[in-house]
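Remarks on the structure that follows.
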Amino acid sequence: MPKSPSRSSEPPPERAGTRRLPHWRSDLFTVLAAFGLAFLVTAGLWLDPNGRAITVNSSDQALFEWLLSYGAHAVTHGENPLYTTLLNYPLGVNLAVNTSITVYAVVFAPLTFLAGAPMTFLVILTLNLAATAIAWYWLLSRHLVGNGFAAALGGLFIGFAPGMVSHANAHLNWTAGWLVPLLIWRVIQLRQPGRWLRNGLILGVLVAIAFSIAAEGLFFTALALAVFLAVWAAQPPHWGQVRAALPSFLRGLGVTAVTAGALLAYPLWLHFAGPQRFHGTGFDAIVHSEDLAAYGAYPQRSLAGLAGLDTGLAPNPTEENSFFGIPLLLLAVVCFVLLFRYGNRSRRATLIALAVTAIVFTVLSLGPVLKFNGSVTDTALPFATLGRLPVINAALPSRLALIIGPILGILLAYAADLLIRRRRGARSRAIWIVAFAVALVPLIPAPLLTLQREPIPQFITAGTWREYVSPGGVLTPLPLTLDVTPDGQRWQAYALADNQGEFAIPSGFFLGPGGPDGRGKIGPVVRTFDSMVARAGQTGRVPPVTRATRVAALQDLEYWDVQVVVLADAPHGAKWPVRADAVRQVATELLGEPTRVDDVWLWTKPANGWVG
């Protein structure tokens, strides 16, 4: 297993003639810088946590706010936090195959009940960014490099790498990058002789927590560690360490598997065999793969992006998983050569393991076929075969590029540590400072774009809905709740966090069965009623209402057991403005004239039923 610098054959920092920066100073600097950058990135939301949303991904923000509210409600009311019929009624949603973030929902439940889900979402997002940089700094400074400033450079880069800032567009799972250095640390600790039971138990609990928060990220981390350790252990300089550590490591790994398996037995059963499960994913692997040119491009939310150097090479603004810029890639090559030249045999073997891991994940991130500068080529890549394997077929290949950020951060920290320890002239120092600045300054993050979102209707906030819906009964907003029209989950999140009680909705933003070839898809299978309403809301044109379509639409409401249909004055559209006038017209032709209650239009279920 990898050793810390103080135990390797390289000279310790003090012997190199440079005074080491005390950890407390670099600790303080890193914490302040990490929180400063985290607040910078999320500044637009902090202006009005309950009234603003992330411009490019308000739908995912609504989803995570709902997950926080539902998770808090479930654990305080004795309900299943991993399966619910409050969405997609009457079939329900398997949250174990979605991103349930149950640990976050439980830990932050008091804040959710006190201040609402939007505030909890914002607090977690900000803490995720800061904690990722701090956790990587801690791993680097305590275990990998001797100089605190070098560790701070690496940690801050990893915490605010382009992929992290991109996923800060509402992804509470992917921004929980603080889990990765903790997992690495605990894996390294498995080598300790005589402590395999304790270390295995700790790692098993950490794996269970990571699965709850970011299962896909946990899978990628495990793959990266497997590749790195295999290459690291296969090299002669480490054979002695491997032979000595292997018994304790394998015992600890066995305890980890048993512990995590026991804690995750029910979630894993739900994930692979429970109701409403699906295989694979509903996303196109070619669309959601990295463009090779994206590695040398700049991200949108960066100083370079603000200067107009960004590109459209990502499938959407939340998936800029590489985008390191050519200067940083060149600097990484130079740093690798420098470290290889001055490193001992053990350090060189570690560098080779890092390089192989980076190459493997770069190639896999390119997906099944090569894309370059926006064009799809005919060149088949390894993911075309690997992507058919179970579990891997549920991964988006572009996100495998997120592994490259930490590898670059470790390389930068190693190089900065070596440069600080070695005496160099003023000219040499100036050249290196300029090189690091040219590579890293353009990547300094910019605040996320935010917008003022439509307020939750008074009909919901005042609890008036309870006069029209029985406890646990079904209410549907218009348009029905989907990723592009997330109002229903926003309303549910408010009602649950406010302890108003439960109402179900017949649709929702979730991943479930129903996609091609038995794969998953976003939302439920489309029916007549929601199709007609959605078309009117998006286009502003009312589709023809015939006797047959009216009967089919009413049968849909009867199937869902809807008690009241609700149209707000300004429904929120995550991708396009919703034409409320057209929605009201088609609903009126299908259901009759609505009633005005508080600030919404209502259609209530007739006494003899929708099809009576």
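As shown in the structure tokens, the chain order sets the letters A, B, ...; within each chain, residues go from 1, and ligands are also counted from 1 in the order they appear.
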
> Residues at most 12 Å from Ile359 (chain A), counting only C-alpha atoms, excluding those fewer than 3 positions away in the same chain, as a ChimeraX atom specification?
Replying inline: /A:224,227-228,352-356,362-366,400-401,403-404,407-408

> Any idea what's packed within 6 Å of Ala297 (chain A), counting only C-alpha atoms, ignoring anything in its chain fewer than 2 positions away? Could you give it as a list in words?
Replying inline: Ala294, Tyr295, Phe323 and Gly325 of chain A

>> At a cut-off of 12 Å, using only C-alpha atoms, what residues contact Arg195 (chain A)? Leave out same-chain residues fewer than 2 positions from it and give the result as a PyMOL selection string.
In response: chain A and resi 186+189-193+197-202+245+247-253+255

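In this model, the gap between CA of Glu558 (chain A) and CA of Asp60 (chain A) comes to 29.3 Å.
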
For region 135-188 of chain A against region 442-466 of chain A, with a cut-off of 8 Å and counting only C-alpha atoms, what is the closest atom pair and its distance in Å to one decimal for every residue that makes the cut, ordered by chain and number, as CSV?
```
residue,atom,partner,partner_atom,distance
A:Phe160,CA,A:Pro445,CA,6.9
A:Ala161,CA,A:Leu443,CA,7.5
A:Pro162,CA,A:Leu443,CA,7.0
A:Val165,CA,A:Pro445,CA,6.9
A:Ala168,CA,A:Leu448,CA,7.9
A:Asn169,CA,A:Leu448,CA,7.0
```

Can you write out the residues you just picked, keeping N, CA and C atoms, as a compact mmCIF listing (two decimals), in the first residue's frame?
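What landed in out29.txt:
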```
# COMPACT_ATOMS: atom_id res chain seq x y z
N PHE A 160 -12.70 22.52 -6.45
CA PHE A 160 -13.36 23.46 -7.36
C PHE A 160 -12.89 23.24 -8.79
N ALA A 161 -12.60 21.99 -9.11
CA ALA A 161 -12.27 21.62 -10.49
C ALA A 161 -13.50 21.85 -11.37
N PRO A 162 -13.31 21.98 -12.68
CA PRO A 162 -14.46 22.25 -13.55
C PRO A 162 -15.63 21.29 -13.37
N VAL A 165 -17.62 22.22 -10.14
CA VAL A 165 -18.40 23.45 -10.30
C VAL A 165 -19.57 23.20 -11.24
N ALA A 168 -22.19 21.48 -9.44
CA ALA A 168 -22.83 22.34 -8.45
C ALA A 168 -24.14 22.90 -8.97
N ASN A 169 -24.38 22.75 -10.26
CA ASN A 169 -25.70 23.07 -10.82
C ASN A 169 -26.72 22.03 -10.36
```

Just want the 9 Å neighbourhood of Ala415 (chain A), counted on only C-alpha atoms, with same-chain residues fewer than 5 positions away dropped. Output as a PDB file with all heavy atoms, in the first residue's frame.
```
ATOM      1  N   ALA A 150       1.449  23.232  -0.674  1.00  0.00           N
ATOM      2  CA  ALA A 150       1.284  22.326  -1.812  1.00  0.00           C
ATOM      3  C   ALA A 150      -0.006  21.522  -1.682  1.00  0.00           C
ATOM      4  O   ALA A 150      -0.740  21.333  -2.656  1.00  0.00           O
ATOM      5  CB  ALA A 150       2.484  21.382  -1.900  1.00  0.00           C
ATOM      6  N   CYS A 335       4.887  18.514 -15.049  1.00  0.00           N
ATOM      7  CA  CYS A 335       5.002  18.102 -13.641  1.00  0.00           C
ATOM      8  C   CYS A 335       5.311  16.615 -13.529  1.00  0.00           C
ATOM      9  O   CYS A 335       6.112  16.194 -12.684  1.00  0.00           O
ATOM     10  CB  CYS A 335       3.711  18.436 -12.890  1.00  0.00           C
ATOM     11  SG  CYS A 335       3.459  20.202 -12.576  1.00  0.00           S
ATOM     12  N   PHE A 336       4.666  15.822 -14.364  1.00  0.00           N
ATOM     13  CA  PHE A 336       4.922  14.377 -14.336  1.00  0.00           C
ATOM     14  C   PHE A 336       6.390  14.090 -14.667  1.00  0.00           C
ATOM     15  O   PHE A 336       7.040  13.286 -13.993  1.00  0.00           O
ATOM     16  CB  PHE A 336       3.998  13.669 -15.335  1.00  0.00           C
ATOM     17  CG  PHE A 336       4.154  12.184 -15.348  1.00  0.00           C
ATOM     18  CD1 PHE A 336       3.409  11.393 -14.499  1.00  0.00           C
ATOM     19  CD2 PHE A 336       5.058  11.561 -16.211  1.00  0.00           C
ATOM     20  CE1 PHE A 336       3.555  10.007 -14.501  1.00  0.00           C
ATOM     21  CE2 PHE A 336       5.216  10.190 -16.223  1.00  0.00           C
ATOM     22  CZ  PHE A 336       4.460   9.411 -15.363  1.00  0.00           C
ATOM     23  N   LEU A 338       8.948  16.129 -14.370  1.00  0.00           N
ATOM     24  CA  LEU A 338       9.771  16.631 -13.266  1.00  0.00           C
ATOM     25  C   LEU A 338       9.785  15.653 -12.103  1.00  0.00           C
ATOM     26  O   LEU A 338      10.847  15.311 -11.559  1.00  0.00           O
ATOM     27  CB  LEU A 338       9.237  17.986 -12.807  1.00  0.00           C
ATOM     28  CG  LEU A 338       9.901  18.594 -11.572  1.00  0.00           C
ATOM     29  CD1 LEU A 338      11.262  19.181 -11.925  1.00  0.00           C
ATOM     30  CD2 LEU A 338       9.009  19.673 -10.948  1.00  0.00           C
ATOM     31  N   LEU A 339       8.604  15.183 -11.711  1.00  0.00           N
ATOM     32  CA  LEU A 339       8.507  14.269 -10.576  1.00  0.00           C
ATOM     33  C   LEU A 339       9.174  12.936 -10.890  1.00  0.00           C
ATOM     34  O   LEU A 339       9.815  12.327 -10.021  1.00  0.00           O
ATOM     35  CB  LEU A 339       7.030  14.052 -10.218  1.00  0.00           C
ATOM     36  CG  LEU A 339       6.319  15.261  -9.606  1.00  0.00           C
ATOM     37  CD1 LEU A 339       4.803  15.079  -9.657  1.00  0.00           C
ATOM     38  CD2 LEU A 339       6.760  15.469  -8.161  1.00  0.00           C
ATOM     39  N   ILE A 410      -3.590  15.746  -7.286  1.00  0.00           N
ATOM     40  CA  ILE A 410      -2.497  15.057  -6.589  1.00  0.00           C
ATOM     41  C   ILE A 410      -1.167  15.349  -7.280  1.00  0.00           C
ATOM     42  O   ILE A 410      -0.148  15.618  -6.632  1.00  0.00           O
ATOM     43  CB  ILE A 410      -2.769  13.540  -6.554  1.00  0.00           C
ATOM     44  CG1 ILE A 410      -3.978  13.232  -5.668  1.00  0.00           C
ATOM     45  CG2 ILE A 410      -1.545  12.776  -6.056  1.00  0.00           C
ATOM     46  CD1 ILE A 410      -4.465  11.803  -5.750  1.00  0.00           C
ATOM     47  N   ILE A 420       8.924  23.423  -3.847  1.00  0.00           N
ATOM     48  CA  ILE A 420       9.135  24.196  -2.615  1.00  0.00           C
ATOM     49  C   ILE A 420      10.332  23.653  -1.852  1.00  0.00           C
ATOM     50  O   ILE A 420      11.123  24.410  -1.274  1.00  0.00           O
ATOM     51  CB  ILE A 420       7.858  24.168  -1.752  1.00  0.00           C
ATOM     52  CG1 ILE A 420       6.749  24.993  -2.426  1.00  0.00           C
ATOM     53  CG2 ILE A 420       8.133  24.715  -0.351  1.00  0.00           C
ATOM     54  CD1 ILE A 420       5.396  24.857  -1.775  1.00  0.00           C
TER      55      ILE A 420
END
```

> Among region 19-182 of chain A, which ones does DSSP place in strand (DSSP E), written as number ranges by chain?
Replying inline: A: 52-54, 83-84, 93-94

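Taking CA of Asn321 (chain A) as the reference point, CA of Leu386 (chain A) is found at 20.0 Å.
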
> Out of region 152-265 of chain A, which residues get alpha helix (DSSP H) from DSSP, as number ranges by chain?
Replying inline: A: 152-159, 162-167, 179-189, 196-233, 239-263, 265

Limited to C-alpha atoms, could you put the picked residues into a file as a PDB file, in the first residue's frame?
```pdb
ATOM      1  CA  ALA A 152      -3.767  23.422  -0.218  1.00  0.00           C
ATOM      2  CA  LEU A 153      -3.113  23.953  -3.920  1.00  0.00           C
ATOM      3  CA  GLY A 154      -4.069  20.383  -4.731  1.00  0.00           C
ATOM      4  CA  GLY A 155      -7.080  20.299  -2.423  1.00  0.00           C
ATOM      5  CA  LEU A 156      -8.546  23.587  -3.625  1.00  0.00           C
ATOM      6  CA  PHE A 157      -8.056  22.591  -7.246  1.00  0.00           C
ATOM      7  CA  ILE A 158      -9.857  19.264  -6.734  1.00  0.00           C
ATOM      8  CA  GLY A 159     -12.657  20.837  -4.686  1.00  0.00           C
ATOM      9  CA  PRO A 162     -14.455  22.254 -13.552  1.00  0.00           C
ATOM     10  CA  GLY A 163     -16.422  19.041 -13.020  1.00  0.00           C
ATOM     11  CA  MET A 164     -17.244  19.932  -9.413  1.00  0.00           C
ATOM     12  CA  VAL A 165     -18.401  23.447 -10.299  1.00  0.00           C
ATOM     13  CA  SER A 166     -20.418  22.079 -13.208  1.00  0.00           C
ATOM     14  CA  HIS A 167     -22.196  19.573 -10.966  1.00  0.00           C
ATOM     15  CA  LEU A 179     -16.384  11.156   0.450  1.00  0.00           C
ATOM     16  CA  VAL A 180     -13.608  10.180  -1.977  1.00  0.00           C
ATOM     17  CA  PRO A 181     -10.535  11.168   0.105  1.00  0.00           C
ATOM     18  CA  LEU A 182     -12.131   9.586   3.172  1.00  0.00           C
ATOM     19  CA  LEU A 183     -12.644   6.340   1.266  1.00  0.00           C
ATOM     20  CA  ILE A 184      -9.049   6.441   0.002  1.00  0.00           C
ATOM     21  CA  TRP A 185      -7.758   7.076   3.514  1.00  0.00           C
ATOM     22  CA  ARG A 186      -9.705   4.180   5.003  1.00  0.00           C
ATOM     23  CA  VAL A 187      -8.645   1.828   2.188  1.00  0.00           C
ATOM     24  CA  ILE A 188      -4.997   2.685   2.893  1.00  0.00           C
ATOM     25  CA  GLN A 189      -5.588   2.020   6.592  1.00  0.00           C
ATOM     26  CA  TRP A 196      -8.176  -5.303  10.212  1.00  0.00           C
ATOM     27  CA  LEU A 197     -11.439  -5.764  12.138  1.00  0.00           C
ATOM     28  CA  ARG A 198     -11.723  -2.144  13.272  1.00  0.00           C
ATOM     29  CA  ASN A 199     -10.582  -0.748   9.949  1.00  0.00           C
ATOM     30  CA  GLY A 200     -12.924  -3.022   8.023  1.00  0.00           C
ATOM     31  CA  LEU A 201     -15.892  -1.979  10.157  1.00  0.00           C
ATOM     32  CA  ILE A 202     -15.122   1.719   9.688  1.00  0.00           C
ATOM     33  CA  LEU A 203     -14.722   1.380   5.935  1.00  0.00           C
ATOM     34  CA  GLY A 204     -17.909  -0.693   5.714  1.00  0.00           C
ATOM     35  CA  VAL A 205     -19.938   2.037   7.432  1.00  0.00           C
ATOM     36  CA  LEU A 206     -18.352   4.680   5.204  1.00  0.00           C
ATOM     37  CA  VAL A 207     -19.207   2.657   2.101  1.00  0.00           C
ATOM     38  CA  ALA A 208     -22.842   2.430   3.239  1.00  0.00           C
ATOM     39  CA  ILE A 209     -22.962   6.205   3.767  1.00  0.00           C
ATOM     40  CA  ALA A 210     -21.382   6.830   0.372  1.00  0.00           C
ATOM     41  CA  PHE A 211     -23.874   4.482  -1.310  1.00  0.00           C
ATOM     42  CA  SER A 212     -26.756   6.462   0.185  1.00  0.00           C
ATOM     43  CA  ILE A 213     -25.389   9.814  -0.955  1.00  0.00           C
ATOM     44  CA  ALA A 214     -23.689   9.027  -4.267  1.00  0.00           C
ATOM     45  CA  ALA A 215     -23.836   5.381  -5.342  1.00  0.00           C
ATOM     46  CA  GLU A 216     -22.487   6.108  -8.836  1.00  0.00           C
ATOM     47  CA  GLY A 217     -19.617   8.108  -7.365  1.00  0.00           C
ATOM     48  CA  LEU A 218     -18.842   5.249  -4.969  1.00  0.00           C
ATOM     49  CA  PHE A 219     -18.730   2.823  -7.902  1.00  0.00           C
ATOM     50  CA  PHE A 220     -16.359   5.066  -9.863  1.00  0.00           C
ATOM     51  CA  THR A 221     -14.123   5.515  -6.812  1.00  0.00           C
ATOM     52  CA  ALA A 222     -13.948   1.756  -6.304  1.00  0.00           C
ATOM     53  CA  LEU A 223     -13.044   1.217  -9.961  1.00  0.00           C
ATOM     54  CA  ALA A 224     -10.338   3.890  -9.841  1.00  0.00           C
ATOM     55  CA  LEU A 225      -8.844   2.487  -6.630  1.00  0.00           C
ATOM     56  CA  ALA A 226      -8.855  -1.013  -8.114  1.00  0.00           C
ATOM     57  CA  VAL A 227      -6.984   0.135 -11.222  1.00  0.00           C
ATOM     58  CA  PHE A 228      -4.512   2.242  -9.240  1.00  0.00           C
ATOM     59  CA  LEU A 229      -3.763  -0.409  -6.611  1.00  0.00           C
ATOM     60  CA  ALA A 230      -3.400  -3.158  -9.214  1.00  0.00           C
ATOM     61  CA  VAL A 231      -0.823  -1.152 -11.173  1.00  0.00           C
ATOM     62  CA  TRP A 232       0.876   0.096  -7.999  1.00  0.00           C
ATOM     63  CA  ALA A 233       1.178  -3.380  -6.487  1.00  0.00           C
ATOM     64  CA  TRP A 239       6.378  -6.053  -3.807  1.00  0.00           C
ATOM     65  CA  GLY A 240       7.756  -6.157  -0.284  1.00  0.00           C
ATOM     66  CA  GLN A 241       5.088  -3.795   1.025  1.00  0.00           C
ATOM     67  CA  VAL A 242       2.366  -5.736  -0.768  1.00  0.00           C
ATOM     68  CA  ARG A 243       3.457  -9.084   0.717  1.00  0.00           C
ATOM     69  CA  ALA A 244       3.574  -7.589   4.207  1.00  0.00           C
ATOM     70  CA  ALA A 245       0.251  -5.740   3.961  1.00  0.00           C
ATOM     71  CA  LEU A 246      -1.813  -8.217   1.925  1.00  0.00           C
ATOM     72  CA  PRO A 247      -3.089 -10.453   4.787  1.00  0.00           C
ATOM     73  CA  SER A 248      -4.386  -7.532   6.865  1.00  0.00           C
ATOM     74  CA  PHE A 249      -5.701  -5.790   3.739  1.00  0.00           C
ATOM     75  CA  LEU A 250      -7.708  -8.802   2.575  1.00  0.00           C
ATOM     76  CA  ARG A 251      -9.105  -9.489   6.049  1.00  0.00           C
ATOM     77  CA  GLY A 252     -10.154  -5.856   6.402  1.00  0.00           C
ATOM     78  CA  LEU A 253     -11.671  -5.902   2.930  1.00  0.00           C
ATOM     79  CA  GLY A 254     -13.704  -8.961   3.875  1.00  0.00           C
ATOM     80  CA  VAL A 255     -15.012  -7.217   7.005  1.00  0.00           C
ATOM     81  CA  THR A 256     -15.843  -4.182   4.853  1.00  0.00           C
ATOM     82  CA  ALA A 257     -17.882  -6.326   2.463  1.00  0.00           C
ATOM     83  CA  VAL A 258     -19.811  -8.000   5.299  1.00  0.00           C
ATOM     84  CA  THR A 259     -20.465  -4.720   7.124  1.00  0.00           C
ATOM     85  CA  ALA A 260     -21.540  -2.778   4.043  1.00  0.00           C
ATOM     86  CA  GLY A 261     -23.549  -5.760   2.818  1.00  0.00           C
ATOM     87  CA  ALA A 262     -25.463  -5.977   6.094  1.00  0.00           C
ATOM     88  CA  LEU A 263     -26.203  -2.249   6.178  1.00  0.00           C
ATOM     89  CA  ALA A 265     -28.991  -5.462   2.215  1.00  0.00           C
TER      90      ALA A 265
END
```

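Closest approach to Ser346 (chain A) among A:Pro237, A:Pro299, A:Gly280, A:Gly274: A:Pro237, based on only C-alpha atoms.
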
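The gap separating CA of Gly473 (chain A) from CA of Thr528 (chain A) is 21.5 Å, in Å to one decimal.
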
Write out as a Markdown table the residues of region 492-574 of chain A that have any atom within 12 Å of an atom of region 476-486 of chain A, one row each with the nearest atom pair and its distance in Å to one decimal, counting only C-alpha atoms, sorted by chain and then rising number.
```
| residue | atom | partner | partner_atom | distance |
| --- | --- | --- | --- | --- |
| A:Gln492 | CA | A:Pro486 | CA | 10.3 |
| A:Ala493 | CA | A:Pro486 | CA | 10.9 |
| A:Phe503 | CA | A:Thr476 | CA | 9.2 |
| A:Ala504 | CA | A:Thr476 | CA | 8.0 |
| A:Ile505 | CA | A:Thr476 | CA | 5.3 |
| A:Pro506 | CA | A:Thr476 | CA | 6.6 |
| A:Ser507 | CA | A:Thr481 | CA | 5.4 |
| A:Gly508 | CA | A:Thr481 | CA | 4.6 |
| A:Phe509 | CA | A:Leu482 | CA | 4.6 |
| A:Phe510 | CA | A:Asp483 | CA | 7.9 |
| A:Leu511 | CA | A:Asp483 | CA | 10.2 |
| A:Lys521 | CA | A:Asp483 | CA | 11.3 |
| A:Ile522 | CA | A:Asp483 | CA | 7.6 |
| A:Gly523 | CA | A:Leu482 | CA | 6.2 |
| A:Pro524 | CA | A:Leu482 | CA | 8.7 |
| A:Val525 | CA | A:Leu482 | CA | 11.2 |
| A:Val526 | CA | A:Leu480 | CA | 10.4 |
| A:Arg527 | CA | A:Leu480 | CA | 10.8 |
| A:Thr528 | CA | A:Leu480 | CA | 11.7 |
| A:Phe529 | CA | A:Leu480 | CA | 9.0 |
| A:Asp530 | CA | A:Leu480 | CA | 6.0 |
| A:Ser531 | CA | A:Leu480 | CA | 9.1 |
| A:Met532 | CA | A:Pro479 | CA | 9.3 |
| A:Val533 | CA | A:Pro479 | CA | 5.8 |
| A:Ala534 | CA | A:Pro479 | CA | 5.7 |
| A:Arg535 | CA | A:Pro479 | CA | 9.2 |
| A:Ala536 | CA | A:Pro479 | CA | 8.9 |
| A:Gly537 | CA | A:Pro479 | CA | 6.9 |
| A:Gln538 | CA | A:Pro479 | CA | 9.5 |
| A:Asp556 | CA | A:Thr476 | CA | 11.8 |
| A:Leu557 | CA | A:Thr476 | CA | 9.3 |
| A:Trp560 | CA | A:Thr476 | CA | 9.4 |
| A:Asp561 | CA | A:Thr476 | CA | 10.1 |
| A:Val562 | CA | A:Thr476 | CA | 6.9 |
| A:Gln563 | CA | A:Thr476 | CA | 8.3 |
| A:Val564 | CA | A:Thr476 | CA | 6.6 |
| A:Val565 | CA | A:Thr476 | CA | 5.1 |
| A:Val566 | CA | A:Pro477 | CA | 4.6 |
| A:Leu567 | CA | A:Leu478 | CA | 5.1 |
| A:Ala568 | CA | A:Leu478 | CA | 7.6 |
| A:Asp569 | CA | A:Leu478 | CA | 10.2 |
| A:Ala570 | CA | A:Leu478 | CA | 10.3 |
| A:Pro571 | CA | A:Leu478 | CA | 7.6 |
| A:His572 | CA | A:Thr485 | CA | 6.0 |
| A:Gly573 | CA | A:Thr485 | CA | 5.0 |
| A:Ala574 | CA | A:Val484 | CA | 4.8 |
```

> Leaving out Gly116 (chain A) and any residue of its chain fewer than 5 positions from it, which residues lie within 9 Å of it when counting only C-alpha atoms, given as a PyMOL selection string?
Replying inline: chain A and resi 50+65+69+111+121+493-494+497-498

> Near Leu496 (chain A), counting only C-alpha atoms, which residues have an atom at most 12 Å away, once you skip same-chain residues fewer than 3 positions from it, shown as a PyMOL selection string?
Replying inline: chain A and resi 65-77+86+109+112-114+116-117+460-461+463+472+489-493+499-504

Output N, CA and C atoms for every residue in that selection, as a short mmCIF file (atom, residue, chain, number, x, y, z; two decimals), in the first residue's frame.
```cif
data_model
loop_
_atom_site.label_atom_id
_atom_site.label_comp_id
_atom_site.auth_asym_id
_atom_site.auth_seq_id
_atom_site.Cartn_x
_atom_site.Cartn_y
_atom_site.Cartn_z
N GLU A 65 -34.64 18.94 -3.51
CA GLU A 65 -35.43 19.53 -2.42
C GLU A 65 -36.54 18.58 -2.00
N TRP A 66 -37.16 17.92 -2.98
CA TRP A 66 -38.19 16.95 -2.65
C TRP A 66 -37.59 15.77 -1.89
N LEU A 67 -36.43 15.27 -2.32
CA LEU A 67 -35.79 14.14 -1.64
C LEU A 67 -35.46 14.49 -0.20
N LEU A 68 -35.03 15.72 0.05
CA LEU A 68 -34.72 16.14 1.42
C LEU A 68 -35.99 16.19 2.27
N SER A 69 -37.05 16.74 1.70
CA SER A 69 -38.31 16.83 2.45
C SER A 69 -38.92 15.45 2.69
N TYR A 70 -38.94 14.63 1.61
CA TYR A 70 -39.55 13.31 1.78
C TYR A 70 -38.74 12.46 2.74
N GLY A 71 -37.41 12.47 2.62
CA GLY A 71 -36.58 11.67 3.52
C GLY A 71 -36.77 12.07 4.96
N ALA A 72 -36.81 13.39 5.23
CA ALA A 72 -37.03 13.85 6.60
C ALA A 72 -38.41 13.43 7.10
N HIS A 73 -39.41 13.56 6.24
CA HIS A 73 -40.77 13.17 6.61
C HIS A 73 -40.87 11.67 6.85
N ALA A 74 -40.21 10.88 6.00
CA ALA A 74 -40.32 9.42 6.10
C ALA A 74 -39.75 8.91 7.42
N VAL A 75 -38.57 9.40 7.80
CA VAL A 75 -37.94 8.88 9.01
C VAL A 75 -38.62 9.38 10.28
N THR A 76 -39.30 10.51 10.20
CA THR A 76 -39.99 11.03 11.38
C THR A 76 -41.43 10.53 11.47
N HIS A 77 -41.92 9.90 10.39
CA HIS A 77 -43.29 9.38 10.40
C HIS A 77 -43.33 7.87 10.18
N LEU A 86 -46.09 8.44 -3.10
CA LEU A 86 -46.45 9.85 -3.19
C LEU A 86 -46.14 10.40 -4.57
N ALA A 109 -32.59 16.86 8.68
CA ALA A 109 -34.04 16.95 8.88
C ALA A 109 -34.44 18.14 9.77
N THR A 112 -34.47 21.18 7.66
CA THR A 112 -35.56 21.13 6.68
C THR A 112 -36.89 21.53 7.32
N PHE A 113 -37.17 21.00 8.50
CA PHE A 113 -38.42 21.34 9.18
C PHE A 113 -38.43 22.78 9.68
N LEU A 114 -37.26 23.30 9.99
CA LEU A 114 -37.17 24.66 10.53
C LEU A 114 -37.18 25.72 9.43
N GLY A 116 -37.10 24.91 5.77
CA GLY A 116 -37.58 24.50 4.47
C GLY A 116 -36.51 23.81 3.64
N ALA A 117 -36.95 23.03 2.66
CA ALA A 117 -36.03 22.25 1.83
C ALA A 117 -35.09 23.11 0.99
N ILE A 460 -51.26 26.10 -1.58
CA ILE A 460 -50.43 25.10 -0.92
C ILE A 460 -49.88 25.63 0.39
N THR A 461 -49.28 26.80 0.38
CA THR A 461 -48.62 27.32 1.58
C THR A 461 -49.59 27.53 2.73
N GLY A 463 -52.24 25.75 3.24
CA GLY A 463 -52.85 24.47 3.60
C GLY A 463 -54.26 24.30 3.09
N GLY A 472 -53.40 11.70 2.26
CA GLY A 472 -52.78 10.75 1.35
C GLY A 472 -53.43 10.66 0.00
N GLN A 489 -43.57 18.38 -7.30
CA GLN A 489 -42.61 17.98 -6.28
C GLN A 489 -42.20 19.17 -5.41
N ARG A 490 -42.16 20.36 -5.97
CA ARG A 490 -41.91 21.55 -5.15
C ARG A 490 -43.04 21.74 -4.14
N TRP A 491 -44.28 21.55 -4.60
CA TRP A 491 -45.42 21.71 -3.70
C TRP A 491 -45.42 20.63 -2.61
N GLN A 492 -45.15 19.41 -3.03
CA GLN A 492 -45.07 18.32 -2.05
C GLN A 492 -43.98 18.58 -1.03
N ALA A 493 -42.81 19.02 -1.50
CA ALA A 493 -41.69 19.28 -0.60
C ALA A 493 -42.08 20.32 0.44
N ASN A 499 -45.01 20.09 7.63
CA ASN A 499 -45.84 19.16 8.42
C ASN A 499 -47.33 19.36 8.18
N GLN A 500 -47.69 19.64 6.92
CA GLN A 500 -49.10 19.82 6.58
C GLN A 500 -49.81 18.49 6.33
N GLY A 501 -49.03 17.44 6.10
CA GLY A 501 -49.61 16.15 5.74
C GLY A 501 -49.18 15.74 4.35
N GLU A 502 -49.77 14.67 3.85
CA GLU A 502 -49.36 14.09 2.57
C GLU A 502 -50.44 14.23 1.52
N PHE A 503 -50.02 14.54 0.30
CA PHE A 503 -50.85 14.29 -0.87
C PHE A 503 -49.97 13.65 -1.92
N ALA A 504 -50.55 12.76 -2.71
CA ALA A 504 -49.81 12.07 -3.76
C ALA A 504 -50.04 12.78 -5.08
#
```

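Within the 10 Å cut-off around Leu313 (chain A), using only C-alpha atoms and omitting residues fewer than 4 positions from it on the same chain, the listed residues are Glu290, Asp291, Leu292, Ala293, Ala294, Tyr295, Ala297, Tyr298, Pro299, Pro317, Glu319, Glu320, Phe323, Lys371, Phe372, Asn373, Gly374 and Ser375 of chain A.
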